[in-house]
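Worksheet for the structure shown next.
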Amino acid sequence: MKINEILNIKYPIFQGAMANISTAELAGAVSTAGGLGMIATGGFSPDEVRREIRKIKKMTDKPFGVNLVMIHPDIEELNKVVVEEGVEIITCGAGNPQKYFDYWLKNKLKVIPIIANKKMAQKVESLGAIACVFEGAEAGGHIGKLNTFPALPEICDSVKIPVISAGGIYTARHILAAEILGASGVQMGTKFLLSREAPVHEKFKEVLIEAKDRDTIVTGVTTNHPIRCYKNKLAEKLLEIEINNLGEEEFEKYARGSGKKAVRDGDVEWGSVLAGEGFEYLNKIESAREIIENIMKEYEKLKRSFKEKN
Ligand SMILES: Cc1cc2nc3c(=O)[nH]c(=O)nc-3n(C[C@H](O)[C@H](O)[C@H](O)COP(=O)(O)O)c2cc1C
C-alpha cells in the first residue's frame with residue numbers, strides 16, 4: 001500500500017470526513033497516530049473550518065486534509081480558507097469538482113476526489129488528481145450505486161493514480177482484501193465514529209454498538225441524494241414519504257437539521273444517524289490511536305501469514 005509514501009503518512013489509513021463531526025479533535029488524533037485525519041466542512045461555516053485548521057496545526061505537524069463538499073452553500077469561501085490557511089491535501093465530493101481544479105492546482109493543493117465509479121476516476125485523473133477515494137455503497141452517508149469489492153479491481157486497473165478503498169472497511173482483513181484488489185490505501189468513516197475523540201453524542205455511539213448487521217437503510221433514492229444511515233424512526237418516516245410520493249417539501253421537513261440533532265443532541269430516533277454497513281464490527285469505544293495501531297498490527301500479522309501460506 002503506497003499512499004503513505006506519497007503523502008508522507010505512517011499508515012495507509014484515511015479517516016473519512018464526516019459532516020458535523022470531524023473537527024480537529026478527531027482529525028488531529030488520527031494524524032498524530034500516523035493516519036490521515038480529515039477535517040469536514042459539511043455542517044460547518046467557513047469560520048469554523050478555519051478555526052479547526054488552526055487547531056489541528058497546533059496539535060500535530062503531521063499531514064492532514066480538509067474535505068470540500070461541492071454542494072456546501074459557502075464552497076467559494078471554503079476554497080479561499082483552505083488556501084489562506086496553507087492546507088496541503090483536500091478531498092472533495094458531493095457534486096462535480098471540475099470547475100475548481102485549476103484553482104486548486106494553481107495553489108499547489110494535492111487533490112483527492114471521492115469517486116463512485118470508473119468514469120469518475122478517469123475524469124479526475126485527467127484533471128490532475130494525485131489519487132482518488134473510491135467509496136462503495138456500503139459506506140455511511142451519501143453513497144453512489146456501486147459496491148466496494150465488486151468495483152474496486154476494475155477501478156484500480158482503469159487509472160494510474162492510487163485508489164483508496166472506502167465503504168465497508170473495518171478490520172485488517174478488509175484492508176488486506178482491498179490491497180489484493182488493487183487499492184493503495186483505505187478510508188474508514190463509521191469505524192472512527194466509535195473513537196473516543198469523535199465529538200458525537202454518547203447515545204449515538206451506544207446505538208452503533210447495539211445495532212446489528214441489517215440495521216442500516218438507504219433513504220433519499222427518489223430525491224437523488226441516497227444516504228445510508230441507521231434504521232430509526234426518522235429513516236422509516238423518510239422512506240414512507242418517498243414510497244408515497246409525498247414530495248420534497250415533506251421530506252425536507254423531517255430531514256432538515258437532522259444530522260446535528262443526532263450528533264449533538266443524541267436524538268437517535270428522530271436525528272439522522274449516518275453509518276455504514278458494518279455494525280457487527282463496532283463493539284467498543286477506543287482511541288483513534290488504538291483503532292489504527294490495533295488494525296495495523298493485525299494487518300502486518302495477517303500479511304505475513306498470507307505470504308507464508310501462498
Ligand atoms: C456520519 C458520516 C458523515 C459523513 N460525512 C461526509 C462528508 O461530509 N463528506 C464526505 O466526503 N464523506 C462523508 N462521509 C463518508 C466518509 O468520509 C467515508 O468515506 C465513509 O464513511 C467510508 O465508509 P464506511 O462508513 O463504511 O467506513 C460521511 C460518513 C459518515 C458515517
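All residue names refer to the C-alpha cells as shown: chains lettered A, B, ... in order, residues numbered from 1 in each chain, ligands numbered from 1 in order.
The list of residues with at least one atom within 9 Å of A:Val163, based on only C-alpha atoms and without residues fewer than 5 positions apart in the same chain, reads Ile3, Ala121, Ala131, Cys132, Val133, Phe134, Leu152, Ile155, Cys156, Gly182, Ala183, Ser184, Gly185 and Val186 of chain A.
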Just to be explicit: take each residue in the selection above, keep all heavy atoms, and write the result as a JSON list (two decimals), in the first residue's frame.
```
[["chain", "number", "residue", "atom", "x", "y", "z"],
["A", 3, "ILE", "N", 0.12, 4.73, -0.65],
["A", 3, "ILE", "CA", -0.34, 6.10, -0.50],
["A", 3, "ILE", "C", 0.38, 6.77, 0.68],
["A", 3, "ILE", "O", 0.63, 7.97, 0.68],
["A", 3, "ILE", "CB", -1.88, 6.20, -0.33],
["A", 3, "ILE", "CG1", -2.38, 7.64, -0.45],
["A", 3, "ILE", "CG2", -2.35, 5.59, 0.98],
["A", 3, "ILE", "CD1", -2.26, 8.25, -1.81],
["A", 121, "ALA", "N", -13.32, 8.17, -11.91],
["A", 121, "ALA", "CA", -11.89, 8.00, -11.58],
["A", 121, "ALA", "C", -11.03, 8.51, -12.73],
["A", 121, "ALA", "O", -10.06, 9.26, -12.54],
["A", 121, "ALA", "CB", -11.60, 6.53, -11.29],
["A", 131, "ALA", "N", -4.63, 11.25, -6.42],
["A", 131, "ALA", "CA", -5.17, 9.94, -6.03],
["A", 131, "ALA", "C", -6.69, 10.11, -6.00],
["A", 131, "ALA", "O", -7.18, 11.23, -6.18],
["A", 131, "ALA", "CB", -4.66, 9.53, -4.65],
["A", 132, "CYS", "N", -7.42, 9.03, -5.81],
["A", 132, "CYS", "CA", -8.86, 9.20, -5.61],
["A", 132, "CYS", "C", -9.32, 8.18, -4.58],
["A", 132, "CYS", "O", -8.65, 7.17, -4.33],
["A", 132, "CYS", "CB", -9.64, 9.06, -6.92],
["A", 132, "CYS", "SG", -9.52, 7.44, -7.69],
["A", 133, "VAL", "N", -10.43, 8.50, -3.95],
["A", 133, "VAL", "CA", -11.04, 7.58, -2.99],
["A", 133, "VAL", "C", -12.27, 6.99, -3.66],
["A", 133, "VAL", "O", -13.20, 7.73, -4.00],
["A", 133, "VAL", "CB", -11.49, 8.31, -1.70],
["A", 133, "VAL", "CG1", -12.22, 7.34, -0.76],
["A", 133, "VAL", "CG2", -10.30, 8.94, -0.99],
["A", 134, "PHE", "N", -12.27, 5.68, -3.89],
["A", 134, "PHE", "CA", -13.48, 5.05, -4.40],
["A", 134, "PHE", "C", -14.32, 4.61, -3.22],
["A", 134, "PHE", "O", -13.90, 3.77, -2.43],
["A", 134, "PHE", "CB", -13.18, 3.85, -5.31],
["A", 134, "PHE", "CG", -14.39, 2.99, -5.53],
["A", 134, "PHE", "CD1", -15.58, 3.55, -6.00],
["A", 134, "PHE", "CD2", -14.38, 1.63, -5.24],
["A", 134, "PHE", "CE1", -16.73, 2.78, -6.17],
["A", 134, "PHE", "CE2", -15.52, 0.85, -5.41],
["A", 134, "PHE", "CZ", -16.69, 1.42, -5.87],
["A", 152, "LEU", "N", -13.98, -2.38, -7.14],
["A", 152, "LEU", "CA", -12.62, -1.89, -6.83],
["A", 152, "LEU", "C", -11.53, -2.33, -7.83],
["A", 152, "LEU", "O", -10.78, -1.47, -8.32],
["A", 152, "LEU", "CB", -12.27, -2.29, -5.38],
["A", 152, "LEU", "CG", -10.95, -1.80, -4.83],
["A", 152, "LEU", "CD1", -10.87, -0.27, -4.83],
["A", 152, "LEU", "CD2", -10.73, -2.32, -3.40],
["A", 155, "ILE", "N", -11.82, -0.44, -11.12],
["A", 155, "ILE", "CA", -11.48, 0.98, -10.99],
["A", 155, "ILE", "C", -9.97, 1.16, -10.84],
["A", 155, "ILE", "O", -9.37, 2.01, -11.48],
["A", 155, "ILE", "CB", -12.26, 1.62, -9.82],
["A", 155, "ILE", "CG1", -13.75, 1.66, -10.18],
["A", 155, "ILE", "CG2", -11.73, 3.01, -9.48],
["A", 155, "ILE", "CD1", -14.67, 2.13, -9.10],
["A", 156, "CYS", "N", -9.35, 0.31, -10.02],
["A", 156, "CYS", "CA", -7.89, 0.41, -9.83],
["A", 156, "CYS", "C", -7.16, 0.20, -11.16],
["A", 156, "CYS", "O", -6.17, 0.88, -11.45],
["A", 156, "CYS", "CB", -7.40, -0.61, -8.81],
["A", 156, "CYS", "SG", -8.01, -0.30, -7.15],
["A", 182, "GLY", "N", -6.31, -4.23, -5.36],
["A", 182, "GLY", "CA", -5.63, -3.15, -6.10],
["A", 182, "GLY", "C", -5.55, -1.81, -5.38],
["A", 182, "GLY", "O", -4.97, -0.86, -5.92],
["A", 183, "ALA", "N", -6.14, -1.70, -4.19],
["A", 183, "ALA", "CA", -6.15, -0.41, -3.51],
["A", 183, "ALA", "C", -4.78, -0.05, -2.94],
["A", 183, "ALA", "O", -4.01, -0.93, -2.56],
["A", 183, "ALA", "CB", -7.17, -0.42, -2.37],
["A", 184, "SER", "N", -4.50, 1.25, -2.89],
["A", 184, "SER", "CA", -3.24, 1.74, -2.32],
["A", 184, "SER", "C", -3.39, 2.19, -0.88],
["A", 184, "SER", "O", -2.43, 2.66, -0.27],
["A", 184, "SER", "CB", -2.73, 2.93, -3.13],
["A", 184, "SER", "OG", -2.45, 2.54, -4.42],
["A", 185, "GLY", "N", -4.60, 2.13, -0.37],
["A", 185, "GLY", "CA", -4.86, 2.55, 1.00],
["A", 185, "GLY", "C", -6.35, 2.42, 1.25],
["A", 185, "GLY", "O", -7.10, 2.01, 0.36],
["A", 186, "VAL", "N", -6.77, 2.74, 2.47],
["A", 186, "VAL", "CA", -8.21, 2.65, 2.78],
["A", 186, "VAL", "C", -8.66, 3.91, 3.49],
["A", 186, "VAL", "O", -7.86, 4.64, 4.10],
["A", 186, "VAL", "CB", -8.52, 1.43, 3.69],
["A", 186, "VAL", "CG1", -8.20, 0.12, 3.00],
["A", 186, "VAL", "CG2", -7.81, 1.53, 5.04]]
```
Point to revise | 8 Å shell around ligand 1 using only C-alpha atoms and all ligand atoms, listed as JSON, numbers by chain | key: {"A": [15, 16, 17, 18, 19, 20, 21, 40, 41, 42, 43, 67, 68, 69, 91, 92, 93, 94, 114, 133, 135, 136, 138, 139, 140, 141, 142, 166, 167, 168, 169, 170, 187, 188, 189, 190, 191, 192, 193, 229, 273, 274, 275, 276, 277, 278]}
Keeping only N, CA and C atoms, write the selected residues to a file as a short mmCIF file (atom, residue, chain, number, x, y, z; two decimals), in the first residue's frame.
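Below is the file part-v8.cif, written as the result:
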```
data_model
loop_
_atom_site.label_atom_id
_atom_site.label_comp_id
_atom_site.auth_asym_id
_atom_site.auth_seq_id
_atom_site.Cartn_x
_atom_site.Cartn_y
_atom_site.Cartn_z
N GLN A 15 -8.91 8.84 7.62
CA GLN A 15 -10.17 8.95 8.37
C GLN A 15 -11.10 9.75 7.46
N GLY A 16 -12.21 9.11 7.06
CA GLY A 16 -13.15 9.79 6.17
C GLY A 16 -13.74 11.01 6.85
N ALA A 17 -13.88 12.09 6.06
CA ALA A 17 -14.50 13.29 6.63
C ALA A 17 -15.94 12.98 6.99
N MET A 18 -16.40 13.51 8.10
CA MET A 18 -17.79 13.29 8.50
C MET A 18 -18.43 14.61 8.89
N ALA A 19 -19.47 14.96 8.14
CA ALA A 19 -20.16 16.23 8.34
C ALA A 19 -20.64 16.35 9.78
N ASN A 20 -20.51 17.52 10.34
CA ASN A 20 -20.90 17.83 11.73
C ASN A 20 -20.02 17.15 12.77
N ILE A 21 -19.05 16.34 12.33
CA ILE A 21 -18.31 15.51 13.29
C ILE A 21 -16.80 15.71 13.22
N ALA A 40 -13.87 17.96 8.27
CA ALA A 40 -15.06 18.09 7.43
C ALA A 40 -15.43 19.56 7.27
N THR A 41 -16.11 19.87 6.16
CA THR A 41 -16.69 21.22 6.03
C THR A 41 -18.22 21.14 6.08
N GLY A 42 -18.76 19.96 5.79
CA GLY A 42 -20.21 19.78 5.85
C GLY A 42 -20.72 20.06 7.25
N GLY A 43 -21.71 20.94 7.34
CA GLY A 43 -22.29 21.27 8.65
C GLY A 43 -21.52 22.36 9.38
N ASN A 67 -11.90 18.20 3.76
CA ASN A 67 -12.86 17.68 2.78
C ASN A 67 -13.77 18.80 2.31
N LEU A 68 -13.73 19.08 1.00
CA LEU A 68 -14.60 20.13 0.46
C LEU A 68 -15.85 19.50 -0.16
N VAL A 69 -16.99 19.98 0.30
CA VAL A 69 -18.27 19.45 -0.18
C VAL A 69 -18.79 20.41 -1.25
N THR A 91 -9.74 16.46 0.08
CA THR A 91 -10.60 15.52 -0.63
C THR A 91 -11.83 16.32 -1.03
N CYS A 92 -12.53 15.87 -2.06
CA CYS A 92 -13.71 16.62 -2.48
C CYS A 92 -14.77 15.66 -2.99
N GLY A 93 -16.01 16.01 -2.74
CA GLY A 93 -17.10 15.13 -3.17
C GLY A 93 -18.43 15.84 -3.08
N ALA A 94 -19.51 15.06 -3.19
CA ALA A 94 -20.88 15.58 -3.16
C ALA A 94 -21.09 16.67 -4.21
N ILE A 114 -13.42 12.11 -4.10
CA ILE A 114 -14.17 10.91 -3.76
C ILE A 114 -14.96 10.55 -5.02
N VAL A 133 -10.43 8.50 -3.95
CA VAL A 133 -11.04 7.58 -2.99
C VAL A 133 -12.27 6.99 -3.66
N GLU A 135 -15.51 5.20 -3.11
CA GLU A 135 -16.38 4.89 -1.97
C GLU A 135 -17.56 4.06 -2.44
N GLY A 136 -17.63 2.83 -1.97
CA GLY A 136 -18.74 1.94 -2.32
C GLY A 136 -19.97 2.23 -1.50
N GLU A 138 -21.63 0.60 0.52
CA GLU A 138 -21.74 0.09 1.90
C GLU A 138 -21.47 1.20 2.91
N ALA A 139 -20.91 2.29 2.42
CA ALA A 139 -20.45 3.37 3.30
C ALA A 139 -21.61 4.08 4.01
N GLY A 140 -21.27 4.73 5.10
CA GLY A 140 -22.24 5.60 5.76
C GLY A 140 -22.27 6.94 5.05
N GLY A 141 -23.41 7.63 5.10
CA GLY A 141 -23.53 8.95 4.49
C GLY A 141 -23.97 8.86 3.03
N HIS A 142 -23.64 9.90 2.25
CA HIS A 142 -24.02 9.94 0.82
C HIS A 142 -23.32 8.82 0.07
N ALA A 166 -12.85 2.83 0.09
CA ALA A 166 -13.72 3.24 1.21
C ALA A 166 -15.07 2.54 1.10
N GLY A 167 -15.72 2.39 2.24
CA GLY A 167 -17.03 1.75 2.26
C GLY A 167 -16.92 0.31 2.71
N GLY A 168 -17.24 0.08 3.97
CA GLY A 168 -17.23 -1.29 4.49
C GLY A 168 -15.89 -1.79 4.97
N ILE A 169 -14.96 -0.87 5.25
CA ILE A 169 -13.63 -1.27 5.75
C ILE A 169 -13.62 -1.09 7.28
N TYR A 170 -13.40 -2.19 7.98
CA TYR A 170 -13.42 -2.14 9.44
C TYR A 170 -12.27 -2.89 10.09
N GLN A 187 -9.96 4.15 3.39
CA GLN A 187 -10.57 5.24 4.15
C GLN A 187 -11.71 4.65 4.98
N MET A 188 -11.69 4.96 6.27
CA MET A 188 -12.76 4.47 7.14
C MET A 188 -13.49 5.66 7.75
N GLY A 189 -14.81 5.57 7.77
CA GLY A 189 -15.60 6.62 8.39
C GLY A 189 -16.29 6.08 9.64
N THR A 190 -17.22 5.15 9.40
CA THR A 190 -18.04 4.62 10.50
C THR A 190 -17.18 4.11 11.66
N LYS A 191 -16.11 3.40 11.35
CA LYS A 191 -15.25 2.86 12.42
C LYS A 191 -14.77 3.97 13.37
N PHE A 192 -14.44 5.13 12.79
CA PHE A 192 -13.94 6.23 13.63
C PHE A 192 -15.04 6.94 14.43
N LEU A 193 -16.31 6.64 14.08
CA LEU A 193 -17.39 7.21 14.91
C LEU A 193 -17.30 6.70 16.33
N CYS A 229 -27.90 5.12 6.43
CA CYS A 229 -27.96 5.51 7.85
C CYS A 229 -28.54 4.37 8.68
N VAL A 273 -28.75 9.31 11.91
CA VAL A 273 -27.57 8.59 12.39
C VAL A 273 -26.89 7.96 11.17
N LEU A 274 -26.05 8.75 10.51
CA LEU A 274 -25.36 8.25 9.32
C LEU A 274 -24.36 7.18 9.74
N ALA A 275 -24.40 6.04 9.09
CA ALA A 275 -23.46 4.97 9.43
C ALA A 275 -23.47 3.93 8.33
N GLY A 276 -22.34 3.22 8.20
CA GLY A 276 -22.20 2.22 7.15
C GLY A 276 -22.62 0.83 7.63
N GLU A 277 -22.35 -0.13 6.71
CA GLU A 277 -22.94 -1.45 6.85
C GLU A 277 -22.15 -2.42 7.73
N GLY A 278 -21.46 -1.96 8.75
CA GLY A 278 -20.59 -2.89 9.47
C GLY A 278 -20.81 -2.94 10.97
#
```
Quick one: residues within 9 Å of stretch 51-59 of chain A, only C-alpha atoms counted, chain neighbours fewer than 4 positions away excluded, as a short mmCIF file (atom, residue, chain, number, x, y, z; two decimals) with all heavy atoms, in the first residue's frame?
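Output file selection-v8.cif follows:
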```
data_model
loop_
_atom_site.label_atom_id
_atom_site.label_comp_id
_atom_site.auth_asym_id
_atom_site.auth_seq_id
_atom_site.Cartn_x
_atom_site.Cartn_y
_atom_site.Cartn_z
N THR A 23 -13.96 17.30 13.35
CA THR A 23 -13.24 18.53 13.71
C THR A 23 -11.78 18.17 13.96
O THR A 23 -11.38 17.02 13.80
CB THR A 23 -13.83 19.10 15.02
OG1 THR A 23 -13.80 18.03 15.98
CG2 THR A 23 -15.26 19.58 14.83
N ALA A 24 -11.02 19.16 14.42
CA ALA A 24 -9.60 18.92 14.71
C ALA A 24 -9.43 17.85 15.79
O ALA A 24 -8.44 17.11 15.80
CB ALA A 24 -8.94 20.21 15.15
N GLU A 25 -10.39 17.77 16.69
CA GLU A 25 -10.28 16.81 17.80
C GLU A 25 -10.08 15.39 17.26
O GLU A 25 -9.18 14.66 17.69
CB GLU A 25 -11.57 16.89 18.62
CG GLU A 25 -11.48 16.25 19.97
CD GLU A 25 -12.80 16.35 20.72
OE1 GLU A 25 -13.70 17.11 20.30
OE2 GLU A 25 -12.92 15.63 21.73
N ALA A 27 -9.68 14.55 13.75
CA ALA A 27 -8.69 14.51 12.66
C ALA A 27 -7.26 14.61 13.22
O ALA A 27 -6.35 13.91 12.76
CB ALA A 27 -8.96 15.63 11.66
N GLY A 28 -7.09 15.45 14.24
CA GLY A 28 -5.76 15.61 14.85
C GLY A 28 -5.30 14.32 15.52
O GLY A 28 -4.13 13.95 15.43
N ALA A 29 -6.24 13.63 16.16
CA ALA A 29 -5.88 12.36 16.83
C ALA A 29 -5.45 11.33 15.79
O ALA A 29 -4.50 10.57 16.00
CB ALA A 29 -7.06 11.84 17.65
N THR A 32 -2.01 12.39 14.30
CA THR A 32 -0.96 12.17 15.30
C THR A 32 -0.61 10.68 15.38
O THR A 32 0.55 10.31 15.59
CB THR A 32 -1.43 12.65 16.69
OG1 THR A 32 -1.91 13.97 16.55
CG2 THR A 32 -0.31 12.63 17.71
N ILE A 39 -10.52 16.99 8.14
CA ILE A 39 -11.49 17.93 8.72
C ILE A 39 -12.66 18.06 7.75
O ILE A 39 -12.46 18.24 6.54
CB ILE A 39 -10.82 19.30 8.97
CG1 ILE A 39 -9.82 19.16 10.13
CG2 ILE A 39 -11.85 20.38 9.26
CD1 ILE A 39 -9.02 20.40 10.42
N PRO A 46 -17.44 28.56 7.11
CA PRO A 46 -16.02 28.78 6.77
C PRO A 46 -15.20 29.24 7.99
O PRO A 46 -14.05 28.80 8.15
CB PRO A 46 -16.09 29.88 5.71
CG PRO A 46 -17.43 29.67 5.06
CD PRO A 46 -18.34 29.23 6.16
N ASP A 47 -15.77 30.05 8.87
CA ASP A 47 -15.02 30.48 10.06
C ASP A 47 -14.72 29.31 10.98
O ASP A 47 -13.63 29.22 11.56
CB ASP A 47 -15.81 31.54 10.84
CG ASP A 47 -15.71 32.90 10.18
OD1 ASP A 47 -14.84 33.05 9.29
OD2 ASP A 47 -16.50 33.78 10.54
N PHE A 64 -2.47 16.36 7.27
CA PHE A 64 -3.92 16.20 7.46
C PHE A 64 -4.60 16.75 6.22
O PHE A 64 -3.95 17.39 5.38
CB PHE A 64 -4.39 16.96 8.71
CG PHE A 64 -4.31 18.46 8.55
CD1 PHE A 64 -5.40 19.20 8.09
CD2 PHE A 64 -3.12 19.14 8.82
CE1 PHE A 64 -5.30 20.57 7.91
CE2 PHE A 64 -3.01 20.51 8.63
CZ PHE A 64 -4.09 21.23 8.19
N VAL A 66 -8.47 18.43 4.34
CA VAL A 66 -9.78 19.06 4.53
C VAL A 66 -10.67 18.55 3.41
O VAL A 66 -10.24 18.47 2.25
CB VAL A 66 -9.68 20.60 4.49
CG1 VAL A 66 -11.07 21.23 4.53
CG2 VAL A 66 -8.85 21.12 5.67
N VAL A 82 -9.07 27.23 2.68
CA VAL A 82 -8.03 26.18 2.65
C VAL A 82 -6.71 26.72 2.09
O VAL A 82 -5.63 26.36 2.57
CB VAL A 82 -8.46 24.88 1.90
CG1 VAL A 82 -9.53 24.14 2.66
CG2 VAL A 82 -8.91 25.15 0.47
N GLU A 85 -5.10 29.19 4.68
CA GLU A 85 -4.57 28.53 5.88
C GLU A 85 -3.46 27.52 5.55
O GLU A 85 -3.00 26.79 6.42
CB GLU A 85 -5.70 27.83 6.65
CG GLU A 85 -6.75 28.79 7.20
CD GLU A 85 -6.17 29.82 8.17
OE1 GLU A 85 -5.29 29.46 8.97
OE2 GLU A 85 -6.59 31.00 8.09
N VAL A 87 -3.46 24.74 3.76
CA VAL A 87 -3.78 23.31 3.73
C VAL A 87 -3.09 22.69 2.51
O VAL A 87 -3.00 23.32 1.46
CB VAL A 87 -5.32 23.13 3.64
CG1 VAL A 87 -5.71 21.68 3.37
CG2 VAL A 87 -5.97 23.62 4.93
#
```
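Across the structure, atom CA of A:Phe14 and atom CA of A:Gly37 are spaced 6.3 Å apart.
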Exercise for review: For A:Tyr299, list every protein, DNA or RNA residue within 10 Å, evaluated using only C-alpha atoms, and leave out those in the same chain fewer than 3 positions away; present the list as a PyMOL selection string.
Suggested key: chain A and resi 171-176+293-296+302-305
Shell of 9 Å around A:Val83, only C-alpha atoms, local chain residues under 3 positions omitted, as a short mmCIF file (atom, residue, chain, number, x, y, z; two decimals) with all heavy atoms, in the first residue's frame:
```cif
data_model
loop_
_atom_site.label_atom_id
_atom_site.label_comp_id
_atom_site.auth_asym_id
_atom_site.auth_seq_id
_atom_site.Cartn_x
_atom_site.Cartn_y
_atom_site.Cartn_z
N LEU A 78 -14.95 28.60 1.30
CA LEU A 78 -14.15 27.48 1.83
C LEU A 78 -12.90 27.25 0.99
O LEU A 78 -11.83 26.94 1.53
CB LEU A 78 -14.99 26.19 1.87
CG LEU A 78 -16.06 26.15 2.96
CD1 LEU A 78 -17.03 25.01 2.71
CD2 LEU A 78 -15.42 26.00 4.35
N ASN A 79 -13.03 27.43 -0.31
CA ASN A 79 -11.86 27.32 -1.19
C ASN A 79 -10.79 28.32 -0.78
O ASN A 79 -9.60 28.01 -0.77
CB ASN A 79 -12.28 27.60 -2.64
CG ASN A 79 -12.62 26.33 -3.37
OD1 ASN A 79 -12.06 25.28 -3.10
ND2 ASN A 79 -13.54 26.41 -4.31
N LYS A 80 -11.24 29.52 -0.46
CA LYS A 80 -10.27 30.56 -0.03
C LYS A 80 -9.65 30.17 1.30
O LYS A 80 -8.44 30.33 1.51
CB LYS A 80 -10.99 31.91 0.13
CG LYS A 80 -11.17 32.66 -1.16
CD LYS A 80 -11.50 34.10 -0.84
CE LYS A 80 -12.54 34.61 -1.83
NZ LYS A 80 -13.51 35.51 -1.29
N GLY A 86 -3.07 27.47 4.28
CA GLY A 86 -1.94 26.61 3.92
C GLY A 86 -2.21 25.12 3.98
O GLY A 86 -1.29 24.33 4.22
N VAL A 87 -3.46 24.74 3.76
CA VAL A 87 -3.78 23.31 3.73
C VAL A 87 -3.09 22.69 2.51
O VAL A 87 -3.00 23.32 1.46
CB VAL A 87 -5.32 23.13 3.64
CG1 VAL A 87 -5.71 21.68 3.37
CG2 VAL A 87 -5.97 23.62 4.93
N GLU A 88 -2.59 21.45 2.67
CA GLU A 88 -1.87 20.84 1.55
C GLU A 88 -2.66 19.75 0.83
O GLU A 88 -2.42 19.47 -0.33
CB GLU A 88 -0.54 20.26 2.06
CG GLU A 88 0.41 21.36 2.46
CD GLU A 88 1.69 20.86 3.08
OE1 GLU A 88 1.92 19.63 3.12
OE2 GLU A 88 2.47 21.71 3.55
N TRP A 104 -7.38 24.93 -7.51
CA TRP A 104 -6.70 24.07 -6.52
C TRP A 104 -5.26 23.78 -6.96
O TRP A 104 -4.33 23.88 -6.15
CB TRP A 104 -7.46 22.75 -6.35
CG TRP A 104 -8.79 22.87 -5.70
CD1 TRP A 104 -9.20 23.85 -4.82
CD2 TRP A 104 -9.92 22.00 -5.87
NE1 TRP A 104 -10.49 23.62 -4.45
CE2 TRP A 104 -10.96 22.49 -5.07
CE3 TRP A 104 -10.14 20.84 -6.62
CZ2 TRP A 104 -12.20 21.87 -5.00
CZ3 TRP A 104 -11.37 20.21 -6.54
CH2 TRP A 104 -12.39 20.72 -5.74
N ASN A 107 -2.86 26.59 -6.73
CA ASN A 107 -2.48 26.84 -5.34
C ASN A 107 -1.79 25.64 -4.68
O ASN A 107 -1.71 25.56 -3.45
CB ASN A 107 -3.70 27.28 -4.54
CG ASN A 107 -4.10 28.70 -4.87
OD1 ASN A 107 -3.39 29.64 -4.52
ND2 ASN A 107 -5.18 28.86 -5.61
N LYS A 108 -1.34 24.72 -5.54
CA LYS A 108 -0.49 23.60 -5.10
C LYS A 108 -1.16 22.63 -4.11
O LYS A 108 -0.50 22.00 -3.28
CB LYS A 108 0.82 24.11 -4.48
CG LYS A 108 1.59 25.11 -5.32
CD LYS A 108 2.93 24.54 -5.69
CE LYS A 108 3.75 25.33 -6.68
NZ LYS A 108 3.09 26.16 -7.64
N LEU A 109 -2.49 22.57 -4.18
CA LEU A 109 -3.18 21.60 -3.32
C LEU A 109 -3.07 20.20 -3.93
O LEU A 109 -3.11 20.05 -5.15
CB LEU A 109 -4.66 21.97 -3.20
CG LEU A 109 -4.96 23.19 -2.33
CD1 LEU A 109 -6.37 23.69 -2.59
CD2 LEU A 109 -4.81 22.83 -0.87
#
```
Exercise for review: Tell me, as a PyMOL selection string, which residues lie within 8 Å of A:Pro226, counting only C-alpha atoms; anything in the same chain fewer than 4 positions away does not count.
Suggested key: chain A and resi 142-144+218-222
Practice item. Might you pull out every residue within 10 Å of A:Glu202, with only C-alpha atoms counted and same-chain residues fewer than 6 positions away left off, and present them as number ranges by chain? Key: A: 194, 196, 263-266
Exercise for review: Run DSSP on the backbone and grab whatever in stretch 9-199 of chain A lands in helix (DSSP H, G or I); send it over as number ranges by chain.
Suggested key: A: 24-32, 46-59, 75-84, 98-106, 118-127, 148-158, 172-180, 190-193
